[in-house]
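A.B. asks: Mind looking over this structure? Questions follow.
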Amino acid sequence: MGIAMPLHSPVSGADRLLLGSGLEGFVKVSSQFITLREPDNQPKAEDDALRLRCGRIFLSVPAGAVTSLNDGDLALVRRLATSPPLTAQTDTAFQTELLERWFATEVPTAGVLLAAMTTMQAHDLPPPPPFSAVPGWLREIWLSFLLRNPPLFRRVGERERYAERALAVIERVYDAVVTDPLPEAQRLGEQFRNEARMEALYFTDGDPTAAFRRWAEIIEVTALRVGLPVSHGFAPTARPRPRVGLLLNSLYAGPEPLYLIAHLSPELGRRFDVTLFLLTEVVDPGLRETVERTGVRIVHVPRGAVNTRVAWIRAHDLDLMLFASNCAVYGESTFLSMCRLARVQVTGAASPVSPGFTQHDYYLLGEDNVGPDYAQHCTETLYRLPGLCTYYAFGLDQSPGSVSVGRDDLQIPHDAPIFISTANYMKINAELVQLWARILCRVPKAVLLLAPFNPNWRPNYQEDILEDLLRVQMRACGVDPARVRIVRRLPQRADVQRLIGIADVYLDSFPFGGACSMIDPLEVGVPVVVRDAPNFRGSIAACMLRDIGLGDMVARDEEAYVEAAVRLGSSAPAQETARRRIRASAATNRAFTDCTAYAGRFLDACQMMIDGYAERFRRRMAEPARTRSALTDLVARLAAGRSPWLNTLSDTKLIPLLLLPYFKALGDVEGGRLLVDVGACVGDFARPFLLDGWSGHMLEPDASCEASLSALTAEFSGRAHHHAMVAVDAPVNSVTYHRTAVGLSGLGPSPYAPTLQTVVLPATRLADLARSEGMSRIDLLKVDAEGFDFTVLNGHDFAALPPRLVMVEFGDMYAGQSRAEIAEGIRAMAERGYDAMIFSCEDDGNFRKGVWEYRVIAVTFEEPRPNKAGAVFGNIIFFRRDDALLPALLLGLVESFLPGGERGSGG
């Protein structure tokens, strides 16, 4: 590093300060509550001084002087960059100087970036520079800094600045990982997947759809590049009882499990074959019994890597999967939901925003929650159930309360009105606290009671940061912070309701309103104050009130919110009137916890989604010409946008996505199915078919592949057969063979590797091999003969033994495959009764570098599509002319490469 002095040696106890010292000596603490007071000391000040010291050192060095950091300094910078400042205030003079230095150069220098990371928050800075302009040694920490969320929005206007800057940050990551990948794109993508926490966007007023879509795309592309099985092809089915899956983390008496149970009924279990997939072993015995009484079986997804768990779920061959956990948050259920697990995939209201994943088909909300125009805020197809979607089986939570808290315990005078909110810690922001402070100003004796530490959201909270927010905003409005009480965590829902029962008025949060936290005061009968909003997450409570005939209790804006709270807090008669209305409403008598009607609506929705999927497939089958045209157009559209999903349509990746589902749709055959694999190499193509129960004959003369193929034939003894022979088109016993690198050897020289040796090897025509092996059928004939694929086909007797499908490679870079020869090969197969499904590819110059990476640029049915170099290469699947199934399956698969909302329908 170009800095002479070490950063961390003069600072003692930095680790202790960064970890925090708890609440001791900072606030008055009792066993159950906190009363906000002025802090007795300032342990944060030393930490902020450390940040400012580091920032000034970095800012003082000349441009270009910081070229690296030693390990100790880098560790300190990482700690400061990945943990937020403990106070919301920033040194104004230093911030001004930093911004002047930021704009002094076209791209901020490493020193300026380091100064920013150690002292600022990303949303208080100008838009970030491209990652390509950030020194390579600094990119990882810079990304961590950009992804660091504020624990709370403590300053007015901060949440909207954060929302704007978050999208800019995500776009920079998208550029570095997807649009114009840097050399370390994969590492940055994995870091982004692991560190990006998008929940803070829930608590902003804006539309986060674009940000979540980019978040999802970065995660998807990162997964696709390492071959994770994100996409999948399913064969069509016509079962009398469709298979429905429900994916959930754990089964306990918490919001997500009780939201899921609201969907269940005995009729659901009778009409569908339903399985609840749990990702952990956490199961409440009583809830297990309730779920199983509805006819739902419970299974635990085996622990393991994502691809292992995905394969295990896919083996259940589901028609529909409901994701009952929040998918717009970091977590294992989210990353599993990214993958195609069922024919139709549904995101539920447990996700407060549209998660943005391509493989999510529907977003299931309620007609009384959102209007039809809310579809513009969904990546998925919006499916609106009649009524509301916010139902919870809270009646099953019979846990008795264990904490009793009264006015005396909280040191609240008996004549003081109590405003209460149990909104989660993360929902509390500076603007909301300011409104609460205004309310307290106008109701002088009132006390604000908060219970924000819900363990269902997270196990630990930074309590001191919330206290700092409340103290600063209350004092700014002239309110004594001691009028605020913060109740520590309450173990049971009964404890929460008991606490609400001592209050006079419940204050809902915004811009993320309450669902579960609104049910509690309504059940207890406490008057509520709610602000409306134009989006799902912000209007949940307002919609609940309208649903039970109390829409006049909904405030249209912040001013109306304050006036309603002041009116209720100042008038005992007004409180009593509101209580009577709430209690008199028949709907509130378990209004949102009596889930029978809602479960019936969900059942009907499942049937409609499954029927819709089947109907779309029938249309594709019934209109083959239109299906082929639509497939060609859609692939061209995706290719123009460089869709990474098209990379899954190449070579062996087609096996699970298209070929195996195709044969599964045809049904079982007596004696099992047969693969003939010419140019089997080490058996990678044959293995998935053998695992699926097929038999296979593998022709591979290259001695370097012998060991792998011998192991494969031993593993699948009796079904796998290796023939060390060259497939030819003439009745000869031997031919000259060119040995090159593994996978590139053939009947002629390879355009990609020098010939190492020419040898004479045994040869056979496929027709002769079929007769000698007694083959009575060939389901799939695959040929990879390094430019001699059509020559090999000429050695097969199609009249005697017509394969169901024939798959070959083609490329005009081979001496034996000019454009004319490829066209002649396609024409010859047409005379045999086969149409061609042609996958044309682009290698972007990789092949000449010995890098075997390429992408699909077109799927056509007449001739190959040239790539940007004017060459043609790829794969062809020949299928029988009257076969409408293969194009229909492929179109359905390619449509799943678009988000559900762009398809206009799920699946």
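Residues in the structure tokens are named by chain (A, B, ... in the order shown) and by number from 1 within that chain; ligands are numbered from 1 in the order shown.
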Sort by chain and increasing residue number a table of all residues of stretch 167-241 of chain A within 8 Å of stretch 507-513 of chain A, each with its closest pair of atoms and their distance in Å to one decimal, counting only C-alpha atoms, and write it as CSV.

C.D. replies:
residue,atom,partner,partner_atom,distance
A:Tyr202,CA,A:Phe512,CA,6.4
A:Phe203,CA,A:Phe512,CA,5.5
A:Thr204,CA,A:Pro511,CA,6.1
A:Asp205,CA,A:Pro511,CA,5.7

A.B. asks: May I have the residues within 6 Å of stretch 440-452 of chain A as a list in words, using only C-alpha atoms and disregarding those fewer than 4 positions away in the same chain?

C.D. replies: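 Contacts, in chain order: Ala416, Pro417, Ile418, Phe419, Ile420, Ser421, Thr422, Ala423, Asn424, Tyr425, Arg483, Val484, Arg485, Ile486 and Val487 of chain A.
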
A.B. asks: Export, as a JSON list (two decimals), in the first residue's frame, the selected residues with N, CA, C and O atoms.

C.D. replies:
[["chain", "number", "residue", "atom", "x", "y", "z"],
["A", 416, "ALA", "N", -52.89, 7.77, 31.47],
["A", 416, "ALA", "CA", -52.16, 8.06, 30.23],
["A", 416, "ALA", "C", -52.68, 7.19, 29.09],
["A", 416, "ALA", "O", -52.68, 5.96, 29.21],
["A", 417, "PRO", "N", -53.14, 7.79, 27.99],
["A", 417, "PRO", "CA", -53.52, 6.96, 26.84],
["A", 417, "PRO", "C", -52.30, 6.21, 26.31],
["A", 417, "PRO", "O", -51.20, 6.75, 26.28],
["A", 418, "ILE", "N", -52.52, 4.97, 25.92],
["A", 418, "ILE", "CA", -51.43, 4.16, 25.38],
["A", 418, "ILE", "C", -51.66, 3.91, 23.89],
["A", 418, "ILE", "O", -52.67, 3.31, 23.50],
["A", 419, "PHE", "N", -50.73, 4.40, 23.08],
["A", 419, "PHE", "CA", -50.66, 4.01, 21.67],
["A", 419, "PHE", "C", -49.70, 2.82, 21.58],
["A", 419, "PHE", "O", -48.62, 2.85, 22.20],
["A", 420, "ILE", "N", -50.07, 1.82, 20.84],
["A", 420, "ILE", "CA", -49.21, 0.64, 20.75],
["A", 420, "ILE", "C", -49.00, 0.25, 19.29],
["A", 420, "ILE", "O", -49.88, 0.45, 18.44],
["A", 421, "SER", "N", -47.84, -0.30, 19.00],
["A", 421, "SER", "CA", -47.58, -0.93, 17.70],
["A", 421, "SER", "C", -46.68, -2.14, 17.93],
["A", 421, "SER", "O", -45.67, -2.03, 18.64],
["A", 422, "THR", "N", -47.09, -3.26, 17.37],
["A", 422, "THR", "CA", -46.23, -4.46, 17.42],
["A", 422, "THR", "C", -45.56, -4.69, 16.07],
["A", 422, "THR", "O", -45.08, -5.78, 15.79],
["A", 423, "ALA", "N", -45.54, -3.64, 15.24],
["A", 423, "ALA", "CA", -44.85, -3.73, 13.95],
["A", 423, "ALA", "C", -43.39, -4.14, 14.16],
["A", 423, "ALA", "O", -42.75, -3.70, 15.11],
["A", 424, "ASN", "N", -42.90, -4.95, 13.28],
["A", 424, "ASN", "CA", -41.54, -5.43, 13.40],
["A", 424, "ASN", "C", -40.53, -4.29, 13.35],
["A", 424, "ASN", "O", -40.74, -3.27, 12.69],
["A", 425, "TYR", "N", -39.45, -4.50, 14.03],
["A", 425, "TYR", "CA", -38.29, -3.58, 14.07],
["A", 425, "TYR", "C", -37.98, -3.00, 12.70],
["A", 425, "TYR", "O", -37.76, -1.79, 12.55],
["A", 483, "ARG", "N", -41.18, 8.94, 27.01],
["A", 483, "ARG", "CA", -42.59, 8.58, 26.77],
["A", 483, "ARG", "C", -42.72, 7.37, 25.85],
["A", 483, "ARG", "O", -43.83, 6.96, 25.52],
["A", 484, "VAL", "N", -41.59, 6.83, 25.44],
["A", 484, "VAL", "CA", -41.60, 5.62, 24.60],
["A", 484, "VAL", "C", -41.16, 4.43, 25.44],
["A", 484, "VAL", "O", -40.16, 4.52, 26.17],
["A", 485, "ARG", "N", -41.88, 3.34, 25.36],
["A", 485, "ARG", "CA", -41.51, 2.10, 26.02],
["A", 485, "ARG", "C", -41.28, 1.04, 24.94],
["A", 485, "ARG", "O", -42.09, 0.90, 24.03],
["A", 486, "ILE", "N", -40.19, 0.31, 25.06],
["A", 486, "ILE", "CA", -39.90, -0.80, 24.14],
["A", 486, "ILE", "C", -39.97, -2.10, 24.93],
["A", 486, "ILE", "O", -39.17, -2.30, 25.85],
["A", 487, "VAL", "N", -40.91, -2.93, 24.60],
["A", 487, "VAL", "CA", -41.08, -4.20, 25.30],
["A", 487, "VAL", "C", -40.19, -5.24, 24.65],
["A", 487, "VAL", "O", -40.13, -5.36, 23.42]]

A.B. asks: Could you pull the residues within 7 Å of A:Phe153, counting only C-alpha atoms, minus those fewer than 4 positions along the same chain, as a ChimeraX atom specification?

C.D. replies: /A:158-159,429-430

A.B. asks: Quick one: residues within 12 Å of A:Ile502, only C-alpha atoms counted, chain neighbours fewer than 4 positions away excluded, as a PyMOL selection string?

C.D. replies: chain A and resi 404-410+412-414+416-420+447+449+495-498+506+521+524-527

A.B. asks: Report as JSON, numbers by chain all protein, DNA and RNA residues lying within 12 Å of A:Gly743, evaluated on only C-alpha atoms, omitting residues in the same chain fewer than 3 positions from it.

C.D. replies: {"A": [678, 679, 680, 681, 682, 683, 684, 700, 701, 702, 703, 704, 705, 738, 739, 740, 746, 750, 752, 753, 784, 785, 786, 852]}

A.B. asks: Could you please determine the separation between atom CA of A:Cys477 and atom CA of A:Glu463 in Å, to one decimal place?

C.D. replies: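 So the answer is 21.5 Å.
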
A.B. asks: May I have the residues within 9 Å of stretch 124-130 of chain A as a count of residues only, using only C-alpha atoms and disregarding those fewer than 5 positions away in the same chain?

C.D. replies: 16

A.B. asks: Determine the nearest neighbour of A:Pro803 from the options A:Leu890, A:Leu675, A:Leu247, A:Val329, counting only C-alpha atoms.

C.D. replies: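 Residue with the minimum atom-to-atom distance to A:Pro803: A:Leu675.
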
A.B. asks: For a quick check of understanding, using only C-alpha atoms, which of A:Arg556, A:His722, A:Arg197, A:Arg765 has the smallest distance to A:Ser734?

C.D. replies: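 Closest to A:Ser734 of all the choices is A:Arg765.
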